[in-house]
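A.B. asks: run-v5.cif is the file, holding mmCIF, C-alpha atoms:
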data_my_file
loop_
_atom_site.label_atom_id
_atom_site.label_comp_id
_atom_site.auth_asym_id
_atom_site.auth_seq_id
_atom_site.Cartn_x
_atom_site.Cartn_y
_atom_site.Cartn_z
CA MET V 1 10.37 14.90 -20.36
CA SER V 2 10.93 17.11 -23.42
CA GLY V 3 13.50 15.55 -25.76
CA ALA V 4 13.78 12.37 -23.73
CA ARG V 5 13.25 8.94 -25.26
CA PRO V 6 9.74 7.72 -24.48
CA PRO V 7 9.79 4.73 -22.12
CA SER V 8 9.22 1.30 -23.59
CA VAL V 9 5.75 -0.08 -22.87
CA SER V 10 4.35 -3.59 -22.47
CA VAL V 11 0.59 -4.10 -22.64
CA VAL V 12 -0.83 -7.34 -21.22
CA ILE V 13 -4.33 -8.29 -22.36
CA CYS V 14 -6.28 -11.41 -21.41
CA SER V 15 -8.80 -12.23 -24.14
CA ILE V 16 -10.68 -15.21 -25.52
CA ASP V 17 -12.38 -13.13 -28.23
CA ALA V 18 -10.21 -12.80 -31.34
CA SER V 19 -12.10 -9.82 -32.76
CA LYS V 20 -12.00 -7.86 -29.49
CA PHE V 21 -8.31 -8.64 -29.13
CA GLU V 22 -7.48 -7.42 -32.63
CA ARG V 23 -9.47 -4.21 -32.15
CA VAL V 24 -7.84 -3.29 -28.86
CA CYS V 25 -4.38 -4.18 -30.20
CA ALA V 26 -4.94 -1.90 -33.20
CA ASN V 27 -6.01 0.86 -30.82
CA TYR V 28 -2.85 0.50 -28.70
CA ARG V 29 -0.61 0.36 -31.79
CA GLU V 30 -2.15 3.58 -33.08
CA ILE V 31 -1.81 5.29 -29.69
CA TYR V 32 1.82 4.19 -29.33
CA ALA V 33 2.86 4.61 -32.97
CA GLY V 34 6.57 5.26 -33.24
CA GLN V 35 7.31 4.11 -29.70
CA ALA V 36 8.73 0.89 -28.34
CA LEU V 37 5.61 -1.21 -27.69
CA GLU V 38 4.99 -4.89 -27.11
CA ILE V 39 1.53 -6.41 -26.71
CA ILE V 40 1.27 -9.70 -24.86
CA GLY V 41 -1.95 -11.60 -25.38
CA ILE V 42 -2.99 -14.28 -22.91
CA HIS V 43 -5.74 -16.36 -24.48
CA ASP V 44 -6.09 -19.22 -21.98
CA ALA V 45 -6.07 -17.42 -18.62
CA ARG V 46 -7.49 -19.40 -15.72
CA SER V 47 -8.17 -16.05 -14.04
CA LEU V 48 -7.16 -12.47 -14.71
CA ALA V 49 -4.65 -12.62 -11.86
CA GLU V 50 -3.11 -15.78 -13.30
CA GLY V 51 -3.13 -14.46 -16.85
CA TYR V 52 -1.66 -11.11 -15.93
CA SER V 53 1.02 -12.84 -13.85
CA ARG V 54 2.13 -14.81 -16.91
CA GLY V 55 2.03 -11.71 -19.07
CA VAL V 56 4.06 -9.63 -16.63
CA ALA V 57 6.68 -12.38 -16.44
CA ARG V 58 7.13 -12.13 -20.22
CA ALA V 59 7.01 -8.33 -20.41
CA THR V 60 10.15 -6.31 -21.11
CA GLY V 61 8.77 -2.76 -21.01
CA GLU V 62 9.80 -0.07 -18.56
CA LEU V 63 6.11 0.72 -18.13
CA LEU V 64 3.44 -1.97 -17.92
CA ILE V 65 -0.25 -1.74 -18.80
CA VAL V 66 -2.85 -4.35 -17.91
CA SER V 67 -5.97 -3.81 -19.92
CA HIS V 68 -9.38 -5.28 -20.59
CA ASP V 69 -10.00 -6.25 -24.20
CA ASP V 70 -13.24 -4.27 -24.55
CA ILE V 71 -11.91 -0.73 -24.22
CA GLU V 72 -11.22 1.96 -26.82
CA ILE V 73 -8.81 4.79 -26.01
CA LEU V 74 -9.90 8.15 -27.41
CA THR V 75 -7.31 10.60 -26.00
CA PRO V 76 -4.94 11.41 -28.90
CA ASP V 77 -1.89 12.07 -26.67
CA PHE V 78 -2.71 9.21 -24.32
CA ALA V 79 0.81 7.72 -24.47
CA ALA V 80 2.48 10.98 -23.45
CA ARG V 81 -0.02 11.57 -20.65
CA VAL V 82 0.46 8.09 -19.21
CA ALA V 83 4.24 8.48 -19.26
CA LEU V 84 3.98 11.90 -17.61
CA HIS V 85 1.64 10.65 -14.88
CA LEU V 86 4.02 7.77 -14.13
CA VAL V 87 6.78 10.27 -13.36
CA ASP V 88 4.90 11.44 -10.26
CA HIS V 89 2.97 8.23 -9.54
CA ASP V 90 3.75 4.52 -9.61
CA LEU V 91 0.34 3.05 -10.52
CA ILE V 92 -2.54 4.80 -12.28
CA GLY V 93 -6.03 4.01 -13.49
CA ILE V 94 -9.23 5.71 -14.57
CA ALA V 95 -11.43 4.75 -11.60
CA GLY V 96 -10.71 4.33 -7.91
CA THR V 97 -11.09 5.50 -4.35
CA THR V 98 -9.17 7.32 -1.64
CA ARG V 99 -10.94 5.17 0.99
CA VAL V 100 -11.37 1.40 0.73
CA VAL V 101 -14.30 0.28 2.89
CA GLU V 102 -15.40 -2.98 1.20
CA GLY V 103 -14.79 -5.14 -1.84
CA ARG V 104 -16.16 -2.52 -4.22
CA TRP V 105 -14.10 0.52 -5.10
CA ALA V 106 -17.17 2.79 -5.20
CA GLY V 107 -18.43 1.56 -1.82
CA ALA V 108 -17.05 4.53 0.15
CA GLY V 109 -19.32 6.93 -1.70
CA ASP V 110 -18.65 10.65 -2.05
CA PRO V 111 -16.32 12.44 -1.65
CA TYR V 112 -13.95 9.46 -1.85
CA VAL V 113 -14.63 8.00 -5.30
CA TYR V 114 -13.30 9.22 -8.63
CA THR V 115 -13.71 8.25 -12.26
CA LEU V 116 -14.20 9.39 -15.81
CA ILE V 117 -15.59 6.59 -17.96
CA SER V 118 -17.79 6.34 -21.02
CA SER V 119 -19.86 3.32 -22.06
CA PRO V 120 -22.34 2.60 -24.84
CA PHE V 121 -25.96 2.89 -23.81
CA PRO V 122 -27.28 -0.69 -23.41
CA ASP V 123 -30.56 -0.14 -25.25
CA ALA V 124 -30.09 3.01 -27.33
CA PRO V 125 -27.57 4.54 -29.72
CA GLY V 126 -24.76 6.64 -28.31
CA PHE V 127 -22.74 6.75 -25.13
CA GLY V 128 -23.02 7.90 -21.55
CA THR V 129 -20.11 9.41 -19.62
CA MET V 130 -19.91 9.30 -15.83
CA LEU V 131 -17.77 11.75 -13.86
CA LEU V 132 -17.37 11.15 -10.14
CA GLY V 133 -15.45 13.26 -7.65
CA GLY V 134 -14.40 16.87 -7.33
CA GLY V 135 -11.02 18.53 -7.32
CA PRO V 136 -8.15 18.02 -9.77
CA LEU V 137 -8.39 15.75 -12.79
CA VAL V 138 -5.38 13.76 -11.57
CA VAL V 139 -6.28 12.56 -8.08
CA SER V 140 -3.43 11.45 -5.84
CA GLY V 141 -3.75 9.54 -2.57
CA ILE V 142 -5.76 6.74 -4.17
CA GLN V 143 -5.93 3.48 -2.19
CA ALA V 144 -7.42 1.15 -4.81
CA LEU V 145 -8.22 1.09 -8.53
CA ASP V 146 -10.64 -0.54 -10.90
CA GLY V 147 -8.85 -2.90 -13.28
CA VAL V 148 -10.41 -1.91 -16.59
CA PHE V 149 -7.12 -0.13 -17.28
CA MET V 150 -4.07 0.12 -15.03
CA ALA V 151 -0.64 1.45 -15.98
CA MET V 152 2.38 1.17 -13.73
CA ARG V 153 6.09 1.33 -13.37
CA ARG V 154 7.61 -2.10 -13.82
CA GLU V 155 8.67 -2.26 -10.18
CA VAL V 156 5.05 -2.25 -8.98
CA ALA V 157 4.17 -5.43 -10.85
CA THR V 158 7.34 -7.25 -9.88
CA ARG V 159 7.19 -6.31 -6.19
CA VAL V 160 3.45 -6.61 -5.54
CA ALA V 161 2.33 -9.36 -7.97
CA PHE V 162 -1.22 -10.52 -8.60
CA ASP V 163 -2.75 -12.97 -6.13
CA ALA V 164 -3.86 -15.84 -8.37
CA GLU V 165 -4.42 -18.18 -5.43
CA VAL V 166 -7.20 -16.25 -3.67
CA PHE V 167 -8.54 -14.50 -6.76
CA ASP V 168 -8.71 -17.52 -9.04
CA HIS V 169 -11.58 -16.21 -11.18
CA PHE V 170 -12.13 -12.82 -12.84
CA HIS V 171 -13.22 -10.55 -9.99
CA LEU V 172 -11.55 -8.39 -7.29
CA TYR V 173 -7.97 -9.16 -8.44
CA ASP V 174 -7.70 -5.44 -9.26
CA LEU V 175 -8.74 -4.04 -5.88
CA ASP V 176 -6.50 -6.56 -4.14
CA PHE V 177 -3.49 -5.76 -6.31
CA SER V 178 -3.88 -1.99 -6.14
CA LEU V 179 -4.64 -1.91 -2.41
CA ARG V 180 -1.55 -3.99 -1.68
CA ALA V 181 0.47 -1.62 -3.88
CA TYR V 182 -0.82 1.29 -1.82
CA LEU V 183 -0.03 -0.51 1.44
CA ALA V 184 3.49 -1.21 0.12
CA GLY V 185 4.07 2.53 -0.22
CA PHE V 186 3.51 2.98 -3.94
CA ARG V 187 1.80 6.17 -5.13
CA LEU V 188 -1.55 5.61 -6.84
CA ALA V 189 -3.65 8.05 -8.87
CA VAL V 190 -6.88 8.23 -10.82
CA CYS V 191 -6.27 10.15 -14.03
CA ARG V 192 -9.42 11.74 -15.38
CA ASP V 193 -7.65 13.29 -18.33
CA LEU V 194 -7.50 9.85 -19.98
CA VAL V 195 -10.65 9.31 -22.03
CA LEU V 196 -11.72 5.81 -22.97
CA VAL V 197 -14.84 3.86 -23.78
CA HIS V 198 -15.54 0.64 -21.92
CA ALA V 199 -18.02 -1.65 -23.65
CA SER V 200 -19.15 -3.21 -20.34
CA THR V 201 -20.68 -1.66 -17.24
CA GLY V 202 -19.97 -4.70 -15.05
CA ARG V 203 -22.14 -7.41 -13.55
CA TYR V 204 -22.62 -8.05 -9.85
CA ASP V 205 -23.71 -11.68 -9.73
CA PRO V 206 -23.28 -14.39 -7.05
CA MET V 207 -19.78 -15.20 -8.35
CA TRP V 208 -18.75 -11.56 -7.91
CA GLU V 209 -20.23 -11.60 -4.39
CA GLU V 210 -18.06 -14.60 -3.50
CA TYR V 211 -14.87 -12.79 -4.53
CA LYS V 212 -16.01 -9.64 -2.78
CA ARG V 213 -16.26 -11.79 0.36
CA ARG V 214 -12.76 -13.17 -0.22
CA PHE V 215 -11.37 -9.66 -0.59
CA GLU V 216 -13.03 -8.51 2.62
CA VAL V 217 -11.76 -11.54 4.55
CA LYS V 218 -8.22 -11.03 3.28
CA HIS V 219 -8.18 -7.29 4.01
CA ARG V 220 -10.36 -7.19 7.11
CA ALA V 221 -7.65 -5.40 9.11
CA HIS V 222 -7.74 -2.47 6.68
CA LEU V 223 -11.53 -2.09 6.43
CA PRO V 224 -13.81 -0.17 8.80
CA ALA V 225 -16.21 -2.19 10.93
CA GLN V 226 -19.04 0.06 9.77
CA TRP V 227 -19.45 2.62 7.04
CA VAL V 228 -22.33 4.78 5.85
CA ALA V 229 -21.75 5.85 2.26
CA LYS V 230 -23.07 9.20 1.03
CA GLU V 231 -23.90 10.23 -2.51
CA GLY V 232 -23.15 13.84 -3.34
CA ALA V 233 -22.96 15.80 -6.55
CA ARG V 234 -21.96 13.88 -9.65
CA ALA V 235 -22.04 14.55 -13.38
CA SER V 236 -23.07 12.54 -16.41
CA PHE V 237 -23.60 13.48 -20.01
CA PRO V 238 -24.67 11.73 -23.21
CA ALA V 239 -22.84 11.72 -26.52
CA ALA V 240 -23.93 10.55 -29.93
CA THR V 241 -20.39 9.99 -31.19
CA ARG V 242 -16.85 9.47 -29.96
CA GLU V 243 -15.95 12.96 -31.17
CA ILE V 244 -18.61 14.41 -28.88
CA ILE V 245 -17.26 12.35 -25.97
CA LEU V 246 -13.87 13.98 -26.51
CA ARG V 247 -15.41 17.45 -26.65
CA ASN V 248 -17.42 16.77 -23.48
CA CYS V 249 -14.25 15.54 -21.76
CA ALA V 250 -11.98 18.43 -22.75
CA PRO V 251 -9.79 19.10 -19.68
CA ALA V 252 -10.81 22.75 -19.28
CA GLN V 253 -14.48 21.82 -19.29
CA LEU V 254 -13.95 18.93 -16.87
CA ARG V 255 -12.04 21.15 -14.46
CA ASP V 256 -14.99 23.53 -14.30
CA ILE V 257 -17.34 20.63 -13.52
CA THR V 258 -15.08 19.00 -10.93
CA ALA V 259 -14.67 22.38 -9.21
CA GLN V 260 -18.45 22.59 -8.94
CA ILE V 261 -18.63 19.03 -7.60
CA GLU V 262 -15.93 19.80 -5.03
CA ARG V 263 -17.84 22.83 -3.76
CA ALA V 264 -21.12 20.94 -3.64
CA ASN V 265 -19.59 18.00 -1.74
CA ALA V 266 -17.52 20.07 0.71
CA ALA V 267 -19.94 19.42 3.56
CA LEU V 268 -20.11 15.62 3.14
#
Take the structure in the file and write it out as structure tokens.

C.D. replies:
Amino acid sequence: MSGARPPSVSVVICSIDASKFERVCANYREIYAGQALEIIGIHDARSLAEGYSRGVARATGELLIVSHDDIEILTPDFAARVALHLVDHDLIGIAGTTRVVEGRWAGAGDPYVYTLISSPFPDAPGFGTMLLGGGPLVVSGIQALDGVFMAMRREVATRVAFDAEVFDHFHLYDLDFSLRAYLAGFRLAVCRDLVLVHASTGRYDPMWEEYKRRFEVKHRAHLPAQWVAKEGARASFPAATREIILRNCAPAQLRDITAQIERANAAL
């Protein structure tokens, strides 16, 4: 892609928190400085699927990003990496699975789940980073993604679309969308060379359980009747600052760790 014009990018963010929205917008503007970028804020979404659908309909970018409002991107060359990954793949994220077995992307266990994600410690200063999965940092053959951050070629969003009828709240829209993209023949990947902080670690309450049930009813034909998940080798490391997160997540260092994880999990 050397010398080529960077693709135009549309970022769709559903947010009801003005301060979070301004922070994440400033982050994206910094990351995409000098490039064609539009940010579409949806501030009255009835669900994430409904809000993203409206945002995608307004978007003009060649590449589309749907993003939570409580993330912070740390990778300095994030924009170039996303564009490069979307040459070889159609839909990417930072967490997902090569085997969908239930309405939870991590439900398959090792060696099928992959992520690199950092979050603030809930009751102490600093951050924790979780690294799941062995092998390469960019994992192809993914069947479903977590929706904290997803980037895609425009065609994916227009052909697959979000299901705002079944997923009319704020859960499982992401697994449904990404699994249907996979089933439609699009190429998905988890990209663990994209470093970001997510301020939330998720909440699995009765409402989430209801949408998990809806996902499993809708996709029953693609799920195994039974599954026994295994937990193999994984890595996690603390960081006092964002700069330390970036040092911990340097690609060369991560490749060494994921190679160790791959060897340890080979017998699973």

A.B. asks: Would you translate the PyMOL selection byres ((chain V and resi 142) around 8) into the concrete set of residues it matches in this file, as number ranges by chain?

C.D. replies: V: 96-99, 139-141, 143-145, 182, 187-190

A.B. asks: Next, dump the selected residues to file, keeping only C-alpha atoms, as a tab-separated table (two decimals), keeping the file's coordinate frame.

C.D. replies:
chain	number	residue	atom	x	y	z
V	96	GLY	CA	-10.71	4.33	-7.91
V	97	THR	CA	-11.09	5.50	-4.35
V	98	THR	CA	-9.17	7.32	-1.64
V	99	ARG	CA	-10.94	5.17	0.99
V	139	VAL	CA	-6.28	12.56	-8.08
V	140	SER	CA	-3.43	11.45	-5.84
V	141	GLY	CA	-3.75	9.54	-2.57
V	143	GLN	CA	-5.93	3.48	-2.19
V	144	ALA	CA	-7.42	1.15	-4.81
V	145	LEU	CA	-8.22	1.09	-8.53
V	182	TYR	CA	-0.82	1.29	-1.82
V	187	ARG	CA	1.80	6.17	-5.13
V	188	LEU	CA	-1.55	5.61	-6.84
V	189	ALA	CA	-3.65	8.05	-8.87
V	190	VAL	CA	-6.88	8.23	-10.82

A.B. asks: So how far away is CA of Glu165 (chain V) from CA of Met207 (chain V), in Å?

C.D. replies: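 Separating CA of Met207 (chain V) from CA of Glu165 (chain V) is a distance of 15.9 Å.
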
A.B. asks: What residues come out when you apply the PyMOL selection byres ((chain V and resi 6) around 12) to this file, written as JSON, numbers by chain?

C.D. replies: {"V": [1, 2, 3, 4, 5, 7, 8, 9, 32, 33, 34, 35, 36, 37, 61, 62, 63, 79, 80, 81, 82, 83, 84, 86, 87]}

A.B. asks: Would you save the residues from that selection as an mmCIF file, in the frame of the given file, using C-alpha atoms?

C.D. replies:
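Listing of result_23.cif after writing:
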data_model
loop_
_atom_site.group_PDB
_atom_site.id
_atom_site.type_symbol
_atom_site.label_atom_id
_atom_site.label_comp_id
_atom_site.auth_asym_id
_atom_site.auth_seq_id
_atom_site.Cartn_x
_atom_site.Cartn_y
_atom_site.Cartn_z
ATOM 1 C CA MET V 1 10.370 14.900 -20.360
ATOM 2 C CA SER V 2 10.930 17.110 -23.420
ATOM 3 C CA GLY V 3 13.500 15.550 -25.760
ATOM 4 C CA ALA V 4 13.780 12.370 -23.730
ATOM 5 C CA ARG V 5 13.250 8.940 -25.260
ATOM 6 C CA PRO V 7 9.790 4.730 -22.120
ATOM 7 C CA SER V 8 9.220 1.300 -23.590
ATOM 8 C CA VAL V 9 5.750 -0.080 -22.870
ATOM 9 C CA TYR V 32 1.820 4.190 -29.330
ATOM 10 C CA ALA V 33 2.860 4.610 -32.970
ATOM 11 C CA GLY V 34 6.570 5.260 -33.240
ATOM 12 C CA GLN V 35 7.310 4.110 -29.700
ATOM 13 C CA ALA V 36 8.730 0.890 -28.340
ATOM 14 C CA LEU V 37 5.610 -1.210 -27.690
ATOM 15 C CA GLY V 61 8.770 -2.760 -21.010
ATOM 16 C CA GLU V 62 9.800 -0.070 -18.560
ATOM 17 C CA LEU V 63 6.110 0.720 -18.130
ATOM 18 C CA ALA V 79 0.810 7.720 -24.470
ATOM 19 C CA ALA V 80 2.480 10.980 -23.450
ATOM 20 C CA ARG V 81 -0.020 11.570 -20.650
ATOM 21 C CA VAL V 82 0.460 8.090 -19.210
ATOM 22 C CA ALA V 83 4.240 8.480 -19.260
ATOM 23 C CA LEU V 84 3.980 11.900 -17.610
ATOM 24 C CA LEU V 86 4.020 7.770 -14.130
ATOM 25 C CA VAL V 87 6.780 10.270 -13.360
#

A.B. asks: Have a look at V:His85, V:Arg192, V:His198, V:Arg263 and name the one nearest to Lys20 (chain V); count only C-alpha atoms.

C.D. replies: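 Of all the options, V:His198 lies closest to Lys20 (chain V).
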
A.B. asks: Tell me, as a PyMOL selection string, which residues lie within 7 Å of Leu196 (chain V), counting only C-alpha atoms; anything in the same chain fewer than 4 positions away does not count.

C.D. replies: chain V and resi 71-74+117-118

A.B. asks: Interatomic distance between CA of Asp205 (chain V) and CA of Leu175 (chain V)?

C.D. replies: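 These atoms are spaced 17.2 Å apart.
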
A.B. asks: Might you pull out every residue within 8 Å of region 238-254 of chain V, with all atoms listed in the file counted and same-chain residues fewer than 6 positions away left off, and present them as an MDAnalysis selection string?

C.D. replies: chainID V and resid 74:75 118 125:129 137 193 195

A.B. asks: If I take CA of Gly107 (chain V) and CA of Lys230 (chain V), how far is one from the other in Å, to one decimal?

C.D. replies: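 For CA of Gly107 (chain V) relative to CA of Lys230 (chain V), the distance reads 9.4 Å.
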
A.B. asks: Between V:Ala95, V:Leu132, V:Ala124, V:Ala18, which residue has the minimum interatomic distance to Pro111 (chain V), considering only C-alpha atoms?

C.D. replies: V:Leu132

A.B. asks: For the file shown, report as an NGL selection string the outcome of the PyMOL selection byres ((chain V and resi 92) around 7) at residue level.

C.D. replies: :V and (90-91 or 93 or 150-152 or 188-191)

A.B. asks: Which residues, written as a list in words, have at least one atom at most 12 Å from Arg23 (chain V), with all atoms listed in the file counted and residues fewer than 6 positions away on the same chain left out?

C.D. replies: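 Those residues are Ile13, Ser15, Asp17, Arg29, Glu30, His68, Asp69, Asp70, Ile71, Glu72 and Ile73 of chain V.
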
A.B. asks: With C-alpha atoms retained, could you export that selection as a compact mmCIF listing (two decimals), keeping the file's coordinate frame?

C.D. replies:
# COMPACT_ATOMS: atom_id res chain seq x y z
CA ILE V 13 -4.33 -8.29 -22.36
CA SER V 15 -8.80 -12.23 -24.14
CA ASP V 17 -12.38 -13.13 -28.23
CA ARG V 29 -0.61 0.36 -31.79
CA GLU V 30 -2.15 3.58 -33.08
CA HIS V 68 -9.38 -5.28 -20.59
CA ASP V 69 -10.00 -6.25 -24.20
CA ASP V 70 -13.24 -4.27 -24.55
CA ILE V 71 -11.91 -0.73 -24.22
CA GLU V 72 -11.22 1.96 -26.82
CA ILE V 73 -8.81 4.79 -26.01

A.B. asks: Leaving out Asp110 (chain V) and any residue of its chain fewer than 5 positions from it, which residues lie within 9 Å of it when counting all atoms listed in the file, given as a compact mmCIF listing (two decimals) with C-alpha atoms, keeping the file's coordinate frame?

C.D. replies:
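Now in part.txt:
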# COMPACT_ATOMS: atom_id res chain seq x y z
CA LEU V 132 -17.37 11.15 -10.14
CA GLY V 133 -15.45 13.26 -7.65
CA ALA V 229 -21.75 5.85 2.26
CA LYS V 230 -23.07 9.20 1.03
CA GLU V 231 -23.90 10.23 -2.51
CA GLY V 232 -23.15 13.84 -3.34
CA ALA V 233 -22.96 15.80 -6.55
CA ARG V 234 -21.96 13.88 -9.65
CA ASN V 265 -19.59 18.00 -1.74
CA LEU V 268 -20.11 15.62 3.14

A.B. asks: In file coordinates, which residues lie within 6 Å of (-16.7, 8.9, -13.3) using all atoms listed in the file, given as a list in words?

C.D. replies: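 Answer for this query, in the requested form: Tyr114, Thr115, Leu116, Ile117, Met130, Leu131 and Leu132 of chain V.
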